[in-house]
Amino acid sequence: MNKKLLIPFIALLSLSSCSNNVELSNRYFYFDTFLDVKMFEGRESDMSFFTNDMREYDALCDNYQARDLTNIYTINHTNEDVVLDSRLYYLLQEASAIQSDEANYFNYLCGSLAKKWKNALNSQQILDENEINNELEKMNNSSIIFKDQCTVQRVGEAEIDLGAVAKGFALDLAKGYFSRLNYKKYIVNAGNSSILLGEKNTNDGLFNIRIDDLENSYLKLKNCFVSTSSISVQGVTIGNVTYSHIINPITGSAINENDAVIVISDNGWYGDIMSTSMMMNTIEEIKAIELKCGIKAIVIREHKIVYKNESIEVYHR
Amino acid sequence: MKVQKIALLGVLTAATIVIAIAESFIPSIGIPGVKLGLANIMILITLYELGILEALGINVARVLVVSLVRGTFLSMGFLMSLTGAVFSLAIMIVFYLLIKKFSIIGVSVVGSLFHVFGQILVAMFYLGTAYVIYYLPVIAISAIITGVLVGITAKLIIKTGVIKKQKERYNF
Amino acid sequence: MIDKKTLRNDLILILSLFVVAAIALVVIISTRRKDNLVARISVQNNVVEVIDLSKKEDNDYYIDGLKGQLHIHTHDGAIAVVESNCPHQDCVHMGYVNTSGRPIICAYNAVYISIEGGDDFYDAGIGG
């Protein structure tokens, strides 16, 4: 009886080394919000990417204060040449390139205008026409010149704000990291506004993603990025109108065409930018953009879906 | 202690650990860490055939070894296992020694229930009562069913007389 | 080891336990209201306070965050950060929240207030 038990015991012991019950999770506070990382494979030491690299990236994108690395705040307070970390340089280039095309309502030089709107709304006031026009003029007269060796130079007085794209790009970096390690099962949630989905540790690998702007509705997704912009959390209602933190860079208005836009894409930074920009697009325009860019969108107004890409299934509970 | 008894205890401990490791791969419904409690088969057998201290020893050894092997030592799951094991053995001893009105199946059912209670108590501490209470009835029902099955299995194994023969042969 | 008498006792025991559990199941399912909300306040990943919002109590909580103290208030089933020493005051501007899924975050203080409806069906929420 003793010998017969030994072999299965050893077999089980060795089997247990390939445990499939792993769930590693950590919460960080980056990009002025939370970053929840959950891995269904790998080791605790793999989290070092988020503890170190991601912390650096958070410092780079900070436009509110100077940090230990040369960051957006630095660029915004000088007109001299600034040498940047390659990650930031690359992100700025991408952000600058996309402005012209389909993301016609995205402008990363909105920083100063956005701050002024925020201050006004926090005191329950609408930003003055003159101020808006001033800021728009500043933006039109400003640009970022990209030079060699990751050097940039800011021309003019407008300020860079990467809020619309930083989280998405962070998720791209995370996805690249997981790819290098050959991990496929993870979910990284940046502030409930940008989510990177790998696969879940279940049979179908789908994640249940609740849609906060709707009642009891959710999506089942995997292997994609989900980005959203919404007026519900940071919106301020004055009179009958709700003003959001998403500013139209062409008119300077804080009133959006849509209440919330959810974008499903293959690219974090792209989905992020589009979900912000499309807050000001009409449904017809959004349909055209979808076709052109290979993304899928859901548009919400007054807590109801007014448009949904036909390949997206919305579930109810 | 006689060598043969040690050897027998070793086999029972190994069997307990193997069952516990095998069942730890079965995912828990609702509350993470709540397991079926199949390893109780061996604990019951040890309790009935060899004694209280022996059963306690095997129980503790099982919790320790399984947590080391599965890499959950000192985690919430480990504390849940430990509390569950202690609670279940305690109530089984009470029923076995004092309340002689129930057979091994009855003892197994209470043992199984208290195992789950112990685990849930720790879960409440970590996850909050509101969240855990919702799953309690479902888990309790499954614990009762498992308890019956475990009890029947233990009874069948004891009935084969394998352990009894060892005891008589080597006089322990 | 098993005779008719103990077997009968067993059956009574098992059936009564079963009945109790079944009743509890019915009770819990029928009283499970959709708005049985629970607020969970964590600082740097450690849960420091769990509040049952469905009790609709008026209460004050003073939570020590990473860089200062937050004054949190519950009222009529909703929770809000009333005062905070953070520069952006985003947490304060969120006001009273009583919908599950929208966390109140004070990144400056590493404070995360989650509002949950009782189960973990969802892996994440998207919105705001």
# chains A, B, ... in the order shown; residues from 1 in each chain; ligands from 1
$ closest_atom_pairs --of "chain B" --to "chain A" --cutoff "12 Å" --atoms "only C-alpha atoms" --output "Markdown table"
| residue | atom | partner | partner_atom | distance |
| --- | --- | --- | --- | --- |
| B:Gln4 | CA | A:Asn2 | CA | 11.4 |
| B:Ile6 | CA | A:Asn2 | CA | 11.9 |
| B:Ala7 | CA | A:Asn2 | CA | 8.2 |
| B:Leu8 | CA | A:Asn2 | CA | 8.4 |
| B:Leu9 | CA | A:Asn2 | CA | 10.7 |
| B:Gly10 | CA | A:Asn2 | CA | 8.7 |
| B:Val11 | CA | A:Asn2 | CA | 6.2 |
| B:Leu12 | CA | A:Asn2 | CA | 9.6 |
| B:Thr13 | CA | A:Leu5 | CA | 11.1 |
| B:Ala14 | CA | A:Phe9 | CA | 7.4 |
| B:Ala15 | CA | A:Leu5 | CA | 7.6 |
| B:Thr16 | CA | A:Phe9 | CA | 10.4 |
| B:Ile17 | CA | A:Phe9 | CA | 8.6 |
| B:Val18 | CA | A:Phe9 | CA | 6.1 |
| B:Ile19 | CA | A:Phe9 | CA | 9.4 |
| B:Ala20 | CA | A:Leu12 | CA | 10.7 |
| B:Ile21 | CA | A:Ser16 | CA | 7.7 |
| B:Ala22 | CA | A:Leu12 | CA | 7.5 |
| B:Glu23 | CA | A:Leu12 | CA | 11.3 |
| B:Ser24 | CA | A:Asn21 | CA | 8.9 |
| B:Phe25 | CA | A:Asn21 | CA | 7.2 |
| B:Ile26 | CA | A:Asn21 | CA | 9.3 |
| B:Pro27 | CA | A:Asn21 | CA | 8.1 |
| B:Ser28 | CA | A:Asn21 | CA | 10.6 |
| B:Pro32 | CA | A:Asn21 | CA | 10.6 |
| B:Gly33 | CA | A:Asn21 | CA | 10.7 |
| B:Val65 | CA | A:Leu13 | CA | 10.6 |
| B:Val66 | CA | A:Leu13 | CA | 9.7 |
| B:Ser67 | CA | A:Ser16 | CA | 11.1 |
| B:Leu68 | CA | A:Ser16 | CA | 10.6 |
| B:Val69 | CA | A:Ser16 | CA | 7.0 |
| B:Arg70 | CA | A:Ser16 | CA | 6.5 |
| B:Gly71 | CA | A:Ser17 | CA | 8.9 |
| B:Thr72 | CA | A:Val22 | CA | 10.1 |
| B:Gly77 | CA | A:Asn21 | CA | 11.9 |
| B:Val162 | CA | A:Met1 | CA | 10.2 |
| B:Ile163 | CA | A:Met1 | CA | 11.3 |
| B:Gln166 | CA | A:Met1 | CA | 11.7 |
$ residues_around --residues "Val20 (chain C)" --least-positions-apart "3" --cutoff "12 Å" --atoms "only C-alpha atoms" --output "list in words"
Leu136, Pro137, Val138, Ala140, Ile141 and Ile144 of chain B; Leu13, Ile14, Leu15, Ser16, Leu17, Ile23, Ala24, Leu25, Val26 and Val27 of chain C
$ atom_distance --atom1 "CA of Cys91 (chain C)" --atom2 "CA of Ile238 (chain A)"
19.4 Å
$ closest_atom_pairs --of "chain C" --to "chain A" --cutoff "10 Å" --atoms "only C-alpha atoms" --output "tab-separated table"
residue	atom	partner	partner_atom	distance
C:Gln44	CA	A:Arg27	CA	7.8
C:Asn45	CA	A:Arg27	CA	6.4
C:Pro87	CA	A:Tyr64	CA	9.7
C:His88	CA	A:Asp32	CA	9.0
C:Gln89	CA	A:Asn122	CA	9.2
C:Asp90	CA	A:Gln234	CA	7.9
C:Cys91	CA	A:Gln234	CA	9.8
C:His93	CA	A:Gln234	CA	7.5
C:Met94	CA	A:Val233	CA	6.5
C:Gly95	CA	A:Val233	CA	9.4
C:Val97	CA	A:Val233	CA	9.8
C:Thr99	CA	A:Asp212	CA	8.9
C:Ser100	CA	A:Asp212	CA	8.5
C:Gly101	CA	A:Asp212	CA	6.7
C:Arg102	CA	A:Asp212	CA	7.3
C:Pro103	CA	A:Asn192	CA	8.8
C:Ile104	CA	A:Thr33	CA	9.5
C:Ile105	CA	A:Thr33	CA	6.5
C:Cys106	CA	A:Thr33	CA	7.3
C:Ala107	CA	A:Thr33	CA	5.3
C:Tyr108	CA	A:Asp32	CA	7.3
C:Asn109	CA	A:Phe29	CA	9.0
C:Ala110	CA	A:Phe29	CA	6.2
C:Val111	CA	A:Phe29	CA	8.9
C:Tyr112	CA	A:Phe34	CA	8.0
C:Asp120	CA	A:Asn208	CA	9.9
C:Phe121	CA	A:Asn208	CA	7.1
C:Tyr122	CA	A:Asn208	CA	4.9
C:Asp123	CA	A:Asn208	CA	5.4
C:Ala124	CA	A:Ile209	CA	5.1
C:Gly125	CA	A:Arg210	CA	4.4
C:Ile126	CA	A:Asn192	CA	4.9
C:Gly127	CA	A:Asp212	CA	5.0
C:Gly128	CA	A:Ser230	CA	4.8
$ write_last_selection --atoms "N, CA and C atoms" --output "compact mmCIF listing (two decimals), in the first residue's frame"
# COMPACT_ATOMS: atom_id res chain seq x y z
N GLN C 44 -3.85 52.89 -0.12
CA GLN C 44 -2.70 52.13 -0.61
C GLN C 44 -2.98 50.65 -0.66
N ASN C 45 -4.14 50.24 -1.16
CA ASN C 45 -4.49 48.84 -1.30
C ASN C 45 -4.97 48.15 -0.04
N PRO C 87 -4.40 68.62 -4.17
CA PRO C 87 -4.40 69.84 -4.99
C PRO C 87 -5.54 69.90 -6.01
N HIS C 88 -5.91 68.75 -6.61
CA HIS C 88 -6.91 68.80 -7.67
C HIS C 88 -8.34 68.81 -7.17
N GLN C 89 -8.56 68.23 -5.98
CA GLN C 89 -9.92 68.16 -5.42
C GLN C 89 -10.90 67.42 -6.33
N ASP C 90 -10.38 66.54 -7.19
CA ASP C 90 -11.26 65.75 -8.05
C ASP C 90 -12.20 64.90 -7.21
N CYS C 91 -11.66 64.35 -6.11
CA CYS C 91 -12.45 63.48 -5.26
C CYS C 91 -13.61 64.25 -4.63
N HIS C 93 -15.00 66.95 -5.85
CA HIS C 93 -15.94 67.38 -6.89
C HIS C 93 -16.83 66.27 -7.39
N MET C 94 -16.48 65.04 -7.08
CA MET C 94 -17.36 63.95 -7.51
C MET C 94 -18.67 64.00 -6.74
N GLY C 95 -18.62 64.60 -5.58
CA GLY C 95 -19.86 64.73 -4.82
C GLY C 95 -20.34 63.40 -4.26
N VAL C 97 -21.90 59.87 -4.23
CA VAL C 97 -22.05 58.78 -5.19
C VAL C 97 -22.88 57.68 -4.56
N THR C 99 -24.10 55.09 -6.90
CA THR C 99 -24.22 54.07 -7.94
C THR C 99 -23.02 53.15 -7.86
N SER C 100 -23.30 51.85 -7.94
CA SER C 100 -22.19 50.92 -7.84
C SER C 100 -21.33 51.02 -9.09
N GLY C 101 -20.05 50.83 -8.90
CA GLY C 101 -19.17 50.85 -10.04
C GLY C 101 -18.34 52.10 -10.18
N ARG C 102 -18.85 53.24 -9.72
CA ARG C 102 -18.05 54.44 -9.86
C ARG C 102 -17.23 54.65 -8.61
N PRO C 103 -15.93 54.39 -8.69
CA PRO C 103 -15.13 54.61 -7.49
C PRO C 103 -14.80 56.09 -7.32
N ILE C 104 -14.62 56.50 -6.09
CA ILE C 104 -14.13 57.86 -5.81
C ILE C 104 -12.65 57.71 -5.53
N ILE C 105 -11.83 58.43 -6.27
CA ILE C 105 -10.39 58.24 -6.12
C ILE C 105 -9.71 59.54 -5.72
N CYS C 106 -8.84 59.44 -4.72
CA CYS C 106 -7.96 60.55 -4.43
C CYS C 106 -6.55 60.02 -4.66
N ALA C 107 -6.05 60.21 -5.89
CA ALA C 107 -4.76 59.64 -6.24
C ALA C 107 -3.63 60.23 -5.39
N TYR C 108 -3.78 61.48 -5.07
CA TYR C 108 -2.76 62.17 -4.26
C TYR C 108 -2.56 61.46 -2.93
N ASN C 109 -3.66 60.98 -2.35
CA ASN C 109 -3.59 60.32 -1.06
C ASN C 109 -3.67 58.81 -1.16
N ALA C 110 -3.65 58.30 -2.37
CA ALA C 110 -3.75 56.85 -2.60
C ALA C 110 -5.00 56.27 -1.94
N VAL C 111 -6.09 57.03 -1.97
CA VAL C 111 -7.35 56.54 -1.38
C VAL C 111 -8.30 56.13 -2.50
N TYR C 112 -8.91 54.97 -2.33
CA TYR C 112 -9.81 54.44 -3.34
C TYR C 112 -11.10 54.03 -2.64
N ASP C 120 -19.04 39.86 -7.48
CA ASP C 120 -17.92 40.24 -8.34
C ASP C 120 -18.11 39.72 -9.75
N PHE C 121 -19.30 39.89 -10.29
CA PHE C 121 -19.59 39.42 -11.63
C PHE C 121 -18.74 40.16 -12.66
N TYR C 122 -18.55 41.46 -12.42
CA TYR C 122 -17.82 42.28 -13.39
C TYR C 122 -16.32 42.27 -13.13
N ASP C 123 -15.54 42.24 -14.21
CA ASP C 123 -14.09 42.31 -14.08
C ASP C 123 -13.61 43.76 -14.03
N ALA C 124 -14.40 44.65 -14.64
CA ALA C 124 -14.05 46.09 -14.61
C ALA C 124 -15.27 46.86 -15.09
N GLY C 125 -15.26 48.16 -14.86
CA GLY C 125 -16.33 48.99 -15.39
C GLY C 125 -15.70 49.96 -16.35
N ILE C 126 -16.48 50.41 -17.35
CA ILE C 126 -15.93 51.41 -18.25
C ILE C 126 -16.86 52.61 -18.20
N GLY C 127 -16.29 53.80 -17.89
CA GLY C 127 -17.14 54.98 -17.82
C GLY C 127 -16.45 56.04 -16.99
N GLY C 128 -16.58 57.26 -17.38
CA GLY C 128 -15.99 58.34 -16.61
C GLY C 128 -14.50 58.27 -16.65
$ residues_around --residues "Gly111 (chain B)" --least-positions-apart "5" --cutoff "9 Å" --atoms "only C-alpha atoms" --output "VMD selection string"
chain B and resid 40 85 87 to 92 106 116 147
$ closest_residue --among "C:Asp52, C:Glu83, C:Glu116, C:Asp10" --to "chain B" --atoms "only C-alpha atoms"
C:Asp10
$ closest_atom_pairs --of "chain C" --to "chain B" --cutoff "12 Å" --atoms "only C-alpha atoms" --output "Markdown table"
| residue | atom | partner | partner_atom | distance |
| --- | --- | --- | --- | --- |
| C:Met1 | CA | B:Ser103 | CA | 6.9 |
| C:Ile2 | CA | B:Ser103 | CA | 5.7 |
| C:Asp3 | CA | B:Ser103 | CA | 8.1 |
| C:Lys4 | CA | B:Ser103 | CA | 9.8 |
| C:Lys5 | CA | B:Lys101 | CA | 7.9 |
| C:Thr6 | CA | B:Phe102 | CA | 4.8 |
| C:Leu7 | CA | B:Ser103 | CA | 6.4 |
| C:Arg8 | CA | B:Phe102 | CA | 8.5 |
| C:Asn9 | CA | B:Phe102 | CA | 5.9 |
| C:Asp10 | CA | B:Gly106 | CA | 4.8 |
| C:Leu11 | CA | B:Gly106 | CA | 7.9 |
| C:Ile12 | CA | B:Gly106 | CA | 9.4 |
| C:Leu13 | CA | B:Gly106 | CA | 7.1 |
| C:Ile14 | CA | B:Gly106 | CA | 7.2 |
| C:Leu15 | CA | B:Ile144 | CA | 9.5 |
| C:Ser16 | CA | B:Ile144 | CA | 10.8 |
| C:Leu17 | CA | B:Ile144 | CA | 7.8 |
| C:Phe18 | CA | B:Ile141 | CA | 6.4 |
| C:Val19 | CA | B:Ile141 | CA | 9.3 |
| C:Val20 | CA | B:Pro137 | CA | 8.7 |
| C:Ala21 | CA | B:Pro137 | CA | 5.1 |
| C:Ala22 | CA | B:Pro137 | CA | 6.8 |
| C:Ile23 | CA | B:Pro137 | CA | 8.5 |
| C:Ala24 | CA | B:Pro137 | CA | 6.0 |
| C:Leu25 | CA | B:Pro137 | CA | 5.0 |
| C:Val26 | CA | B:Pro137 | CA | 8.8 |
| C:Val27 | CA | B:Pro137 | CA | 9.7 |
| C:Ile28 | CA | B:Tyr134 | CA | 6.5 |
| C:Ile29 | CA | B:Tyr134 | CA | 7.9 |
| C:Ser30 | CA | B:Tyr134 | CA | 11.1 |
| C:Thr31 | CA | B:Tyr134 | CA | 10.2 |
| C:Arg32 | CA | B:Tyr134 | CA | 8.2 |
| C:Arg33 | CA | B:Tyr134 | CA | 11.4 |
| C:Asn36 | CA | B:Ala130 | CA | 8.8 |
| C:Leu37 | CA | B:Ala130 | CA | 9.0 |
| C:Val38 | CA | B:Ala130 | CA | 7.5 |
| C:Ala39 | CA | B:Gly128 | CA | 10.3 |
| C:Arg40 | CA | B:Gly128 | CA | 8.9 |
| C:Ile41 | CA | B:Gly128 | CA | 11.7 |
| C:Asn46 | CA | B:Tyr126 | CA | 10.2 |
| C:Val47 | CA | B:Tyr126 | CA | 8.7 |
| C:Val48 | CA | B:Tyr126 | CA | 10.8 |
| C:Glu49 | CA | B:Gly128 | CA | 9.6 |
| C:Val50 | CA | B:Gly128 | CA | 7.0 |
| C:Ile51 | CA | B:Gly128 | CA | 9.4 |
| C:Asp52 | CA | B:Ala130 | CA | 7.9 |
| C:Leu53 | CA | B:Ala130 | CA | 10.8 |
| C:Ser54 | CA | B:Ala130 | CA | 10.7 |
| C:Glu116 | CA | B:Tyr131 | CA | 9.0 |
| C:Gly117 | CA | B:Tyr131 | CA | 8.6 |
| C:Gly118 | CA | B:Tyr131 | CA | 5.0 |
| C:Asp119 | CA | B:Tyr131 | CA | 6.2 |
| C:Asp120 | CA | B:Gly30 | CA | 8.3 |
| C:Phe121 | CA | B:Gly30 | CA | 9.4 |
$ write_last_selection --atoms "C-alpha atoms" --output "mmCIF file, in the first residue's frame"
data_model
loop_
_atom_site.group_PDB
_atom_site.id
_atom_site.type_symbol
_atom_site.label_atom_id
_atom_site.label_comp_id
_atom_site.auth_asym_id
_atom_site.auth_seq_id
_atom_site.Cartn_x
_atom_site.Cartn_y
_atom_site.Cartn_z
ATOM 1 C CA MET C 1 -20.753 1.160 13.657
ATOM 2 C CA ILE C 2 -23.948 2.065 11.920
ATOM 3 C CA ASP C 3 -27.265 0.816 13.170
ATOM 4 C CA LYS C 4 -30.826 1.814 12.563
ATOM 5 C CA LYS C 5 -30.892 4.263 15.464
ATOM 6 C CA THR C 6 -27.857 6.322 14.563
ATOM 7 C CA LEU C 7 -28.872 6.244 10.920
ATOM 8 C CA ARG C 8 -32.219 7.715 11.839
ATOM 9 C CA ASN C 9 -30.521 10.417 13.883
ATOM 10 C CA ASP C 10 -28.220 11.148 10.989
ATOM 11 C CA LEU C 11 -31.112 11.595 8.640
ATOM 12 C CA ILE C 12 -32.877 13.956 11.001
ATOM 13 C CA LEU C 13 -29.695 15.949 11.418
ATOM 14 C CA ILE C 14 -28.959 16.153 7.704
ATOM 15 C CA LEU C 15 -32.517 16.995 6.731
ATOM 16 C CA SER C 16 -32.868 19.722 9.329
ATOM 17 C CA LEU C 17 -29.559 21.288 8.306
ATOM 18 C CA PHE C 18 -30.674 21.105 4.709
ATOM 19 C CA VAL C 19 -33.956 22.799 5.496
ATOM 20 C CA VAL C 20 -32.218 25.583 7.412
ATOM 21 C CA ALA C 21 -29.808 26.189 4.541
ATOM 22 C CA ALA C 22 -32.628 26.127 2.001
ATOM 23 C CA ILE C 23 -34.653 28.647 3.993
ATOM 24 C CA ALA C 24 -31.598 30.857 4.322
ATOM 25 C CA LEU C 25 -31.078 30.632 0.574
ATOM 26 C CA VAL C 26 -34.638 31.691 -0.151
ATOM 27 C CA VAL C 27 -34.463 34.520 2.358
ATOM 28 C CA ILE C 28 -31.211 35.838 0.986
ATOM 29 C CA ILE C 29 -32.303 35.675 -2.626
ATOM 30 C CA SER C 30 -35.595 37.419 -1.952
ATOM 31 C CA THR C 31 -34.062 40.191 0.105
ATOM 32 C CA ARG C 32 -31.181 40.715 -2.267
ATOM 33 C CA ARG C 33 -32.002 44.174 -3.444
ATOM 34 C CA ASN C 36 -27.659 46.775 -1.494
ATOM 35 C CA LEU C 37 -24.606 48.901 -1.759
ATOM 36 C CA VAL C 38 -21.388 48.603 0.173
ATOM 37 C CA ALA C 39 -18.655 51.226 0.155
ATOM 38 C CA ARG C 40 -15.118 50.022 0.656
ATOM 39 C CA ILE C 41 -12.463 52.584 1.531
ATOM 40 C CA ASN C 46 -5.445 48.143 2.305
ATOM 41 C CA VAL C 47 -9.124 48.201 3.100
ATOM 42 C CA VAL C 48 -9.538 50.469 6.102
ATOM 43 C CA GLU C 49 -13.299 50.826 6.245
ATOM 44 C CA VAL C 50 -16.318 48.964 4.906
ATOM 45 C CA ILE C 51 -19.620 50.822 5.042
ATOM 46 C CA ASP C 52 -23.070 49.380 4.424
ATOM 47 C CA LEU C 53 -24.719 52.152 2.452
ATOM 48 C CA SER C 54 -28.125 50.479 2.365
ATOM 49 C CA GLU C 116 -20.112 47.670 -4.837
ATOM 50 C CA GLY C 117 -23.448 45.971 -5.321
ATOM 51 C CA GLY C 118 -22.438 42.774 -3.552
ATOM 52 C CA ASP C 119 -20.950 40.377 -6.072
ATOM 53 C CA ASP C 120 -17.919 40.242 -8.345
ATOM 54 C CA PHE C 121 -19.585 39.421 -11.628
#
$ atom_distance --atom1 "CA of Ile41 (chain B)" --atom2 "CA of Ile152 (chain B)"
8.9 Å
$ residues_around --residues "region 98-113 of chain A" --least-positions-apart "5" --cutoff "7 Å" --atoms "only C-alpha atoms" --output "list in words"
Glu135, Met139, Ala158, Glu159, Ile160, Asp161, Leu162, Asn248, Pro249, Ile273, Met274, Ser277, Met280 and Ile289 of chain A
$ write_last_selection --atoms "C-alpha atoms" --output "mmCIF file, in the first residue's frame"
data_model
loop_
_atom_site.group_PDB
_atom_site.id
_atom_site.type_symbol
_atom_site.label_atom_id
_atom_site.label_comp_id
_atom_site.auth_asym_id
_atom_site.auth_seq_id
_atom_site.Cartn_x
_atom_site.Cartn_y
_atom_site.Cartn_z
ATOM 1 C CA GLU A 135 -6.551 80.534 -25.386
ATOM 2 C CA MET A 139 -3.060 77.317 -29.418
ATOM 3 C CA ALA A 158 0.040 76.912 -25.260
ATOM 4 C CA GLU A 159 0.487 73.986 -22.878
ATOM 5 C CA ILE A 160 0.612 70.310 -23.688
ATOM 6 C CA ASP A 161 -1.944 68.079 -22.022
ATOM 7 C CA LEU A 162 -1.627 64.366 -22.643
ATOM 8 C CA ASN A 248 -13.575 71.287 -28.255
ATOM 9 C CA PRO A 249 -10.197 72.596 -29.505
ATOM 10 C CA ILE A 273 -7.618 59.717 -28.530
ATOM 11 C CA MET A 274 -10.588 58.644 -30.625
ATOM 12 C CA SER A 277 -12.268 63.286 -30.085
ATOM 13 C CA MET A 280 -17.714 66.016 -30.523
ATOM 14 C CA ILE A 289 -14.378 57.199 -38.819
#
$ decode --residues "region 101-115 of chain C" --atoms "N, CA and C atoms" --output "PDB file, in the first residue's frame"
ATOM      1  N   GLY C 101     -20.054  50.835  -8.897  1.00  0.00           N
ATOM      2  CA  GLY C 101     -19.166  50.846 -10.044  1.00  0.00           C
ATOM      3  C   GLY C 101     -18.345  52.105 -10.176  1.00  0.00           C
ATOM      4  N   ARG C 102     -18.852  53.235  -9.721  1.00  0.00           N
ATOM      5  CA  ARG C 102     -18.051  54.443  -9.861  1.00  0.00           C
ATOM      6  C   ARG C 102     -17.227  54.651  -8.610  1.00  0.00           C
ATOM      7  N   PRO C 103     -15.930  54.386  -8.689  1.00  0.00           N
ATOM      8  CA  PRO C 103     -15.128  54.606  -7.494  1.00  0.00           C
ATOM      9  C   PRO C 103     -14.801  56.093  -7.325  1.00  0.00           C
ATOM     10  N   ILE C 104     -14.622  56.503  -6.088  1.00  0.00           N
ATOM     11  CA  ILE C 104     -14.134  57.859  -5.814  1.00  0.00           C
ATOM     12  C   ILE C 104     -12.646  57.706  -5.533  1.00  0.00           C
ATOM     13  N   ILE C 105     -11.831  58.427  -6.272  1.00  0.00           N
ATOM     14  CA  ILE C 105     -10.392  58.245  -6.123  1.00  0.00           C
ATOM     15  C   ILE C 105      -9.713  59.536  -5.722  1.00  0.00           C
ATOM     16  N   CYS C 106      -8.839  59.438  -4.720  1.00  0.00           N
ATOM     17  CA  CYS C 106      -7.959  60.553  -4.430  1.00  0.00           C
ATOM     18  C   CYS C 106      -6.549  60.022  -4.657  1.00  0.00           C
ATOM     19  N   ALA C 107      -6.054  60.207  -5.890  1.00  0.00           N
ATOM     20  CA  ALA C 107      -4.762  59.638  -6.245  1.00  0.00           C
ATOM     21  C   ALA C 107      -3.634  60.227  -5.389  1.00  0.00           C
ATOM     22  N   TYR C 108      -3.779  61.482  -5.066  1.00  0.00           N
ATOM     23  CA  TYR C 108      -2.764  62.168  -4.258  1.00  0.00           C
ATOM     24  C   TYR C 108      -2.556  61.462  -2.929  1.00  0.00           C
ATOM     25  N   ASN C 109      -3.657  60.982  -2.351  1.00  0.00           N
ATOM     26  CA  ASN C 109      -3.587  60.315  -1.063  1.00  0.00           C
ATOM     27  C   ASN C 109      -3.669  58.807  -1.156  1.00  0.00           C
ATOM     28  N   ALA C 110      -3.653  58.297  -2.372  1.00  0.00           N
ATOM     29  CA  ALA C 110      -3.754  56.847  -2.599  1.00  0.00           C
ATOM     30  C   ALA C 110      -5.001  56.270  -1.936  1.00  0.00           C
ATOM     31  N   VAL C 111      -6.089  57.026  -1.967  1.00  0.00           N
ATOM     32  CA  VAL C 111      -7.350  56.536  -1.379  1.00  0.00           C
ATOM     33  C   VAL C 111      -8.302  56.130  -2.498  1.00  0.00           C
ATOM     34  N   TYR C 112      -8.912  54.968  -2.328  1.00  0.00           N
ATOM     35  CA  TYR C 112      -9.815  54.444  -3.343  1.00  0.00           C
ATOM     36  C   TYR C 112     -11.095  54.031  -2.643  1.00  0.00           C
ATOM     37  N   ILE C 113     -12.199  54.659  -3.005  1.00  0.00           N
ATOM     38  CA  ILE C 113     -13.484  54.289  -2.402  1.00  0.00           C
ATOM     39  C   ILE C 113     -14.306  53.587  -3.466  1.00  0.00           C
ATOM     40  N   SER C 114     -14.547  52.303  -3.255  1.00  0.00           N
ATOM     41  CA  SER C 114     -15.323  51.565  -4.246  1.00  0.00           C
ATOM     42  C   SER C 114     -16.739  51.383  -3.740  1.00  0.00           C
ATOM     43  N   ILE C 115     -17.679  51.464  -4.676  1.00  0.00           N
ATOM     44  CA  ILE C 115     -19.074  51.248  -4.310  1.00  0.00           C
ATOM     45  C   ILE C 115     -19.504  49.965  -4.997  1.00  0.00           C
TER      46      ILE C 115
END
